[in-house]
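Engineer: A single structure is presented below for examination.
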2 protein chains.
Amino acid sequence: MGRWEPGAAGRLAQAALELYAERGYEQTTVLDIAERAGVTERTFFRHFADKREVLFDRSNALQETVVAAVAAAPPDLPPLEVVGAAMERAGVFLEDRREFARKRAAAIAANPSLQERELFKMATLGSAVATALHARGVSSPAAAIAAEAGVAVFRLGFERWVSNDDAPDLPACIRDSLAALRALTA
Amino acid sequence: MGRWEPGAAGRLAQAALELYAERGYEQTTVLDIAERAGVTERTFFRHFADKREVLFDRSNALQETVVAAVAAAPPDLPPLEVVGAAMERAGVFLEDRREFARKRAAAIAANPSLQERELFKMATLGSAVATALHARGVSSPAAAIAAEAGVAVFRLGFERWVSNDDAPDLPACIRDSLAALRALTA
């Protein structure tokens with residue numbers, strides 16, 4: 001389910017986004033989404049636990065990408081470099097879906113319940129990164145703060161990418177965001 | 001409602017914590033909480049919008065404390081110092097409630113819905129800090145990343161303070177957490 005393909009999961013996500021934009025998240029049912037995507041409610045629930053999750057279809061794959069990049073980084077790279085490079089990889093992973101990401105960001109911004117789910121996904125990503133840094137031998141406070149800083153760098157880069165027409169590609173936005181963090185502590 | 005006092009809001013928060021620990025968050029109703037606190041359901045709703053909010057009775061006051069500290073910092077202090085000092089003030093504000101904070105952290109850790117609300121409060125705090133930094137003339141990417149980093153510093157200091165018997169007081173935990181961030185980017 002990680003790949004974006006014209007299968008049911010992708011059609012459901014697209015249908016959900018359309019409906020949330022047209023009539024609002026609260027007014028949209030799972031049945032509405034399934035019908036718009038041309039599948040049954042049962043198929044919806046085979047892919048997603050609820051009508052929030054349908055907007056987070058790539059969050060597991062995103063997390064796997066980031067964790068794998070942390071694990072694969074050269075052993076002597078400092079923690080913040082490791083995390084920065086991993087977040088850039090996340091940027092490459094998402095780069096092809098800018099229009100989808102924009103609509104999705106608008107839907108999330110309009111609904112506190114979706115914002116909470118988004119924050120939860122980001123927190124989960126942070127914990128996974130901290131664990132992956134631990135596994136590289138990075139000690140406790142450094143691993144945790146590097147992971148949190150990395151997620152902040154990703155989020156701010158992502159926000160710029162979806163909200164600003166003049167923004168460069170997502171990996172570049174993430175790199176700029178990391179540079180801003182470095183400048184702050186210089 | 002900001003101060004912790006033996007009034008209704010405080011009794012409701014205490015009652016909610018006890019009940020969440022005894023029977024779980026899902027199994028506890030607003031009526032249960034009101035009865036345990038010796039007030040009516042109506043009084044509950046005068047203080048809190050729902051049974052999640054009852055655990056966040058000081059979050060507004062906390063945010064006001066942090067924002068005021070950002071505004072009051074010396075004009076030439078670099079953004080990360082401003083935010084670090086403001087988060088330390090937040091630590092002073094919460095320092096007297098360690099036992100409550102521990103029970104509260106346990107209740108939140110046991111329930112995804114409470115975790116989401118907690119993350120939302122932290123994100124709101126981050127936005128407020130970014131706005132306060134803007135008002136000081138800090139430019140856009142620096143203000144946002146400094147605010148996010150500050151919230152991460154606060155959260156990690158807070159986590160250590162509630163989960164570790166040997167931890168120093170909360171302001172010191174927050175200071176250590178800021179030092180870990182600085183070491184990361186040194």
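Please note that chains go A, B, ... in the order of the structure tokens, that every chain numbers its residues from 1, and that ligands are numbered from 1 in the order shown.
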Using backbone DSSP assignments, extract all helix (DSSP H, G or I) residues from segment 13-121 of chain A; output them as a ChimeraX atom specification.
Structural biologist: /A:13-23,30-37,41-47,53-56,59-72,79-109,112-121
Engineer: How would the residues just chosen look if you wrote them out with C-alpha atoms as a PDB file, in the first residue's frame?
Structural biologist:
```pdb
ATOM      1  CA  ALA A  13      -7.587   8.844  -1.076  1.00  0.00           C
ATOM      2  CA  GLN A  14      -8.359  10.926  -4.152  1.00  0.00           C
ATOM      3  CA  ALA A  15     -12.119  10.538  -3.646  1.00  0.00           C
ATOM      4  CA  ALA A  16     -11.842  11.474   0.042  1.00  0.00           C
ATOM      5  CA  LEU A  17      -9.889  14.622  -0.792  1.00  0.00           C
ATOM      6  CA  GLU A  18     -12.467  15.685  -3.368  1.00  0.00           C
ATOM      7  CA  LEU A  19     -15.342  15.127  -0.976  1.00  0.00           C
ATOM      8  CA  TYR A  20     -13.647  16.860   1.964  1.00  0.00           C
ATOM      9  CA  ALA A  21     -13.089  19.881  -0.296  1.00  0.00           C
ATOM     10  CA  GLU A  22     -16.646  19.822  -1.682  1.00  0.00           C
ATOM     11  CA  ARG A  23     -18.716  19.264   1.445  1.00  0.00           C
ATOM     12  CA  VAL A  30     -17.023   6.343   4.448  1.00  0.00           C
ATOM     13  CA  LEU A  31     -19.829   5.175   2.156  1.00  0.00           C
ATOM     14  CA  ASP A  32     -19.644   8.473   0.216  1.00  0.00           C
ATOM     15  CA  ILE A  33     -15.913   7.983  -0.266  1.00  0.00           C
ATOM     16  CA  ALA A  34     -16.266   4.359  -1.326  1.00  0.00           C
ATOM     17  CA  GLU A  35     -19.020   5.227  -3.838  1.00  0.00           C
ATOM     18  CA  ARG A  36     -17.019   8.075  -5.344  1.00  0.00           C
ATOM     19  CA  ALA A  37     -14.034   5.717  -5.718  1.00  0.00           C
ATOM     20  CA  GLU A  41     -17.435   0.169   1.998  1.00  0.00           C
ATOM     21  CA  ARG A  42     -15.855  -3.163   2.785  1.00  0.00           C
ATOM     22  CA  THR A  43     -13.013  -2.428   0.397  1.00  0.00           C
ATOM     23  CA  PHE A  44     -12.521   0.933   2.133  1.00  0.00           C
ATOM     24  CA  PHE A  45     -12.101  -0.791   5.485  1.00  0.00           C
ATOM     25  CA  ARG A  46      -9.709  -3.326   3.999  1.00  0.00           C
ATOM     26  CA  HIS A  47      -7.407  -0.397   3.265  1.00  0.00           C
ATOM     27  CA  GLU A  53      -6.527   7.343   7.858  1.00  0.00           C
ATOM     28  CA  VAL A  54      -7.443   7.595   4.188  1.00  0.00           C
ATOM     29  CA  LEU A  55      -5.356  10.793   4.014  1.00  0.00           C
ATOM     30  CA  PHE A  56      -2.324   9.062   5.501  1.00  0.00           C
ATOM     31  CA  SER A  59       2.759   7.549   6.162  1.00  0.00           C
ATOM     32  CA  ASN A  60       3.985   4.009   6.884  1.00  0.00           C
ATOM     33  CA  ALA A  61       6.034   3.901   3.712  1.00  0.00           C
ATOM     34  CA  LEU A  62       7.370   7.374   4.489  1.00  0.00           C
ATOM     35  CA  GLN A  63       8.468   6.249   7.931  1.00  0.00           C
ATOM     36  CA  GLU A  64      10.130   3.118   6.507  1.00  0.00           C
ATOM     37  CA  THR A  65      12.005   5.286   4.019  1.00  0.00           C
ATOM     38  CA  VAL A  66      13.279   7.596   6.747  1.00  0.00           C
ATOM     39  CA  VAL A  67      14.228   4.811   9.157  1.00  0.00           C
ATOM     40  CA  ALA A  68      16.050   2.908   6.401  1.00  0.00           C
ATOM     41  CA  ALA A  69      17.971   6.073   5.483  1.00  0.00           C
ATOM     42  CA  VAL A  70      18.992   6.598   9.120  1.00  0.00           C
ATOM     43  CA  ALA A  71      20.183   3.004   9.345  1.00  0.00           C
ATOM     44  CA  ALA A  72      22.105   3.205   6.057  1.00  0.00           C
ATOM     45  CA  PRO A  79      23.282  12.610  14.304  1.00  0.00           C
ATOM     46  CA  LEU A  80      21.884  15.828  12.843  1.00  0.00           C
ATOM     47  CA  GLU A  81      23.492  15.106   9.450  1.00  0.00           C
ATOM     48  CA  VAL A  82      22.065  11.589   9.547  1.00  0.00           C
ATOM     49  CA  VAL A  83      18.579  12.901  10.278  1.00  0.00           C
ATOM     50  CA  GLY A  84      18.853  15.729   7.758  1.00  0.00           C
ATOM     51  CA  ALA A  85      19.846  13.313   4.984  1.00  0.00           C
ATOM     52  CA  ALA A  86      17.036  10.926   5.968  1.00  0.00           C
ATOM     53  CA  MET A  87      14.464  13.736   5.839  1.00  0.00           C
ATOM     54  CA  GLU A  88      15.729  14.711   2.403  1.00  0.00           C
ATOM     55  CA  ARG A  89      15.063  11.128   1.325  1.00  0.00           C
ATOM     56  CA  ALA A  90      11.536  11.531   2.627  1.00  0.00           C
ATOM     57  CA  GLY A  91      11.335  14.601   0.413  1.00  0.00           C
ATOM     58  CA  VAL A  92      12.390  12.600  -2.644  1.00  0.00           C
ATOM     59  CA  PHE A  93       9.781   9.986  -1.742  1.00  0.00           C
ATOM     60  CA  LEU A  94       6.937  12.538  -1.655  1.00  0.00           C
ATOM     61  CA  GLU A  95       8.180  14.885  -4.367  1.00  0.00           C
ATOM     62  CA  ASP A  96       5.979  13.446  -7.151  1.00  0.00           C
ATOM     63  CA  ARG A  97       2.699  14.274  -5.397  1.00  0.00           C
ATOM     64  CA  ARG A  98       2.734  18.033  -4.967  1.00  0.00           C
ATOM     65  CA  GLU A  99      -0.828  18.664  -6.182  1.00  0.00           C
ATOM     66  CA  PHE A 100      -2.161  15.872  -4.004  1.00  0.00           C
ATOM     67  CA  ALA A 101      -0.108  17.164  -1.057  1.00  0.00           C
ATOM     68  CA  ARG A 102      -1.549  20.664  -1.480  1.00  0.00           C
ATOM     69  CA  LYS A 103      -5.145  19.515  -1.487  1.00  0.00           C
ATOM     70  CA  ARG A 104      -4.423  17.232   1.415  1.00  0.00           C
ATOM     71  CA  ALA A 105      -2.818  20.090   3.396  1.00  0.00           C
ATOM     72  CA  ALA A 106      -5.902  22.252   2.759  1.00  0.00           C
ATOM     73  CA  ALA A 107      -8.217  19.478   3.997  1.00  0.00           C
ATOM     74  CA  ILE A 108      -6.100  18.966   7.120  1.00  0.00           C
ATOM     75  CA  ALA A 109      -5.881  22.702   7.848  1.00  0.00           C
ATOM     76  CA  PRO A 112      -8.812  19.879  13.904  1.00  0.00           C
ATOM     77  CA  SER A 113      -9.422  16.137  13.979  1.00  0.00           C
ATOM     78  CA  LEU A 114      -7.263  15.670  10.877  1.00  0.00           C
ATOM     79  CA  GLN A 115      -4.630  18.015  12.320  1.00  0.00           C
ATOM     80  CA  GLU A 116      -4.429  15.852  15.407  1.00  0.00           C
ATOM     81  CA  ARG A 117      -3.956  12.722  13.310  1.00  0.00           C
ATOM     82  CA  GLU A 118      -1.235  14.460  11.293  1.00  0.00           C
ATOM     83  CA  LEU A 119       0.566  15.496  14.471  1.00  0.00           C
ATOM     84  CA  PHE A 120       0.293  11.945  15.768  1.00  0.00           C
ATOM     85  CA  LYS A 121       1.890  10.591  12.576  1.00  0.00           C
TER      86      LYS A 121
END
```
Engineer: Compute the set of chain B residues within 10 Å of chain A, using only C-alpha atoms, and express it as a ChimeraX atom specification.
Structural biologist: /B:78-81,112-113,115-123,140-153,155-157,160,176-186
Engineer: Store the residues picked out above, limited to C-alpha atoms, as a PDB file, in the first residue's frame.
Structural biologist:
```pdb
ATOM      1  CA  PRO B  78      19.263  35.558  19.590  1.00  0.00           C
ATOM      2  CA  PRO B  79      15.994  33.661  18.836  1.00  0.00           C
ATOM      3  CA  LEU B  80      17.088  30.329  20.303  1.00  0.00           C
ATOM      4  CA  GLU B  81      18.138  32.005  23.564  1.00  0.00           C
ATOM      5  CA  PRO B 112      -4.081   7.716  21.714  1.00  0.00           C
ATOM      6  CA  SER B 113      -6.938  10.224  21.807  1.00  0.00           C
ATOM      7  CA  GLN B 115      -1.914  11.855  23.008  1.00  0.00           C
ATOM      8  CA  GLU B 116      -3.396  13.568  19.980  1.00  0.00           C
ATOM      9  CA  ARG B 117      -4.819  16.361  22.108  1.00  0.00           C
ATOM     10  CA  GLU B 118      -1.465  16.797  23.844  1.00  0.00           C
ATOM     11  CA  LEU B 119       0.302  17.047  20.494  1.00  0.00           C
ATOM     12  CA  PHE B 120      -2.263  19.588  19.339  1.00  0.00           C
ATOM     13  CA  LYS B 121      -1.613  21.728  22.418  1.00  0.00           C
ATOM     14  CA  MET B 122       2.125  21.562  21.775  1.00  0.00           C
ATOM     15  CA  ALA B 123       1.619  22.524  18.114  1.00  0.00           C
ATOM     16  CA  SER B 140      10.071  33.745   8.843  1.00  0.00           C
ATOM     17  CA  PRO B 141      12.108  30.542   8.608  1.00  0.00           C
ATOM     18  CA  ALA B 142      14.164  31.348  11.717  1.00  0.00           C
ATOM     19  CA  ALA B 143      11.080  32.129  13.816  1.00  0.00           C
ATOM     20  CA  ALA B 144       9.326  28.924  12.790  1.00  0.00           C
ATOM     21  CA  ILE B 145      12.286  26.630  13.331  1.00  0.00           C
ATOM     22  CA  ALA B 146      13.231  28.318  16.630  1.00  0.00           C
ATOM     23  CA  ALA B 147       9.656  27.867  17.860  1.00  0.00           C
ATOM     24  CA  GLU B 148       9.564  24.201  16.840  1.00  0.00           C
ATOM     25  CA  ALA B 149      12.969  23.570  18.379  1.00  0.00           C
ATOM     26  CA  GLY B 150      11.818  25.300  21.569  1.00  0.00           C
ATOM     27  CA  VAL B 151       8.755  23.092  21.854  1.00  0.00           C
ATOM     28  CA  ALA B 152      10.920  20.004  21.292  1.00  0.00           C
ATOM     29  CA  VAL B 153      13.295  21.194  24.019  1.00  0.00           C
ATOM     30  CA  ARG B 155       8.770  18.347  25.599  1.00  0.00           C
ATOM     31  CA  LEU B 156      11.958  16.349  26.057  1.00  0.00           C
ATOM     32  CA  GLY B 157      12.806  18.158  29.292  1.00  0.00           C
ATOM     33  CA  ARG B 160      12.613  13.386  31.525  1.00  0.00           C
ATOM     34  CA  ASP B 176      19.781  20.321  29.699  1.00  0.00           C
ATOM     35  CA  SER B 177      17.547  19.602  26.767  1.00  0.00           C
ATOM     36  CA  LEU B 178      18.496  22.924  25.149  1.00  0.00           C
ATOM     37  CA  ALA B 179      22.160  22.129  25.770  1.00  0.00           C
ATOM     38  CA  ALA B 180      21.671  18.782  23.980  1.00  0.00           C
ATOM     39  CA  LEU B 181      20.230  20.619  20.983  1.00  0.00           C
ATOM     40  CA  ARG B 182      23.164  23.011  20.937  1.00  0.00           C
ATOM     41  CA  ALA B 183      25.673  20.168  21.184  1.00  0.00           C
ATOM     42  CA  LEU B 184      23.995  18.542  18.204  1.00  0.00           C
ATOM     43  CA  THR B 185      24.595  21.497  15.948  1.00  0.00           C
ATOM     44  CA  ALA B 186      27.984  22.506  17.376  1.00  0.00           C
TER      45      ALA B 186
END
```
Engineer: When you count only C-alpha atoms, which of these residues is closest to Gly38 of chain A: A:Pro168, A:Gly10, A:Gly137, A:Pro74?
Structural biologist: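 Nearest candidate to Gly38 of chain A out of A:Pro168, A:Gly10, A:Gly137, A:Pro74: A:Gly10.
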Engineer: Take atom CA of Phe48 of chain A and atom CA of Ser127 of chain A and report the distance between them in Å, one decimal.
Structural biologist: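 Computing it gives 22.4 Å between the two atoms.
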Engineer: Kindly give the distance, in Å, that separates atom CA of Asn111 of chain B and atom CA of Thr124 of chain B, rounded to a single decimal.
Structural biologist: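 Going from atom CA of Asn111 of chain B over to atom CA of Thr124 of chain B, I get 20.2 Å.
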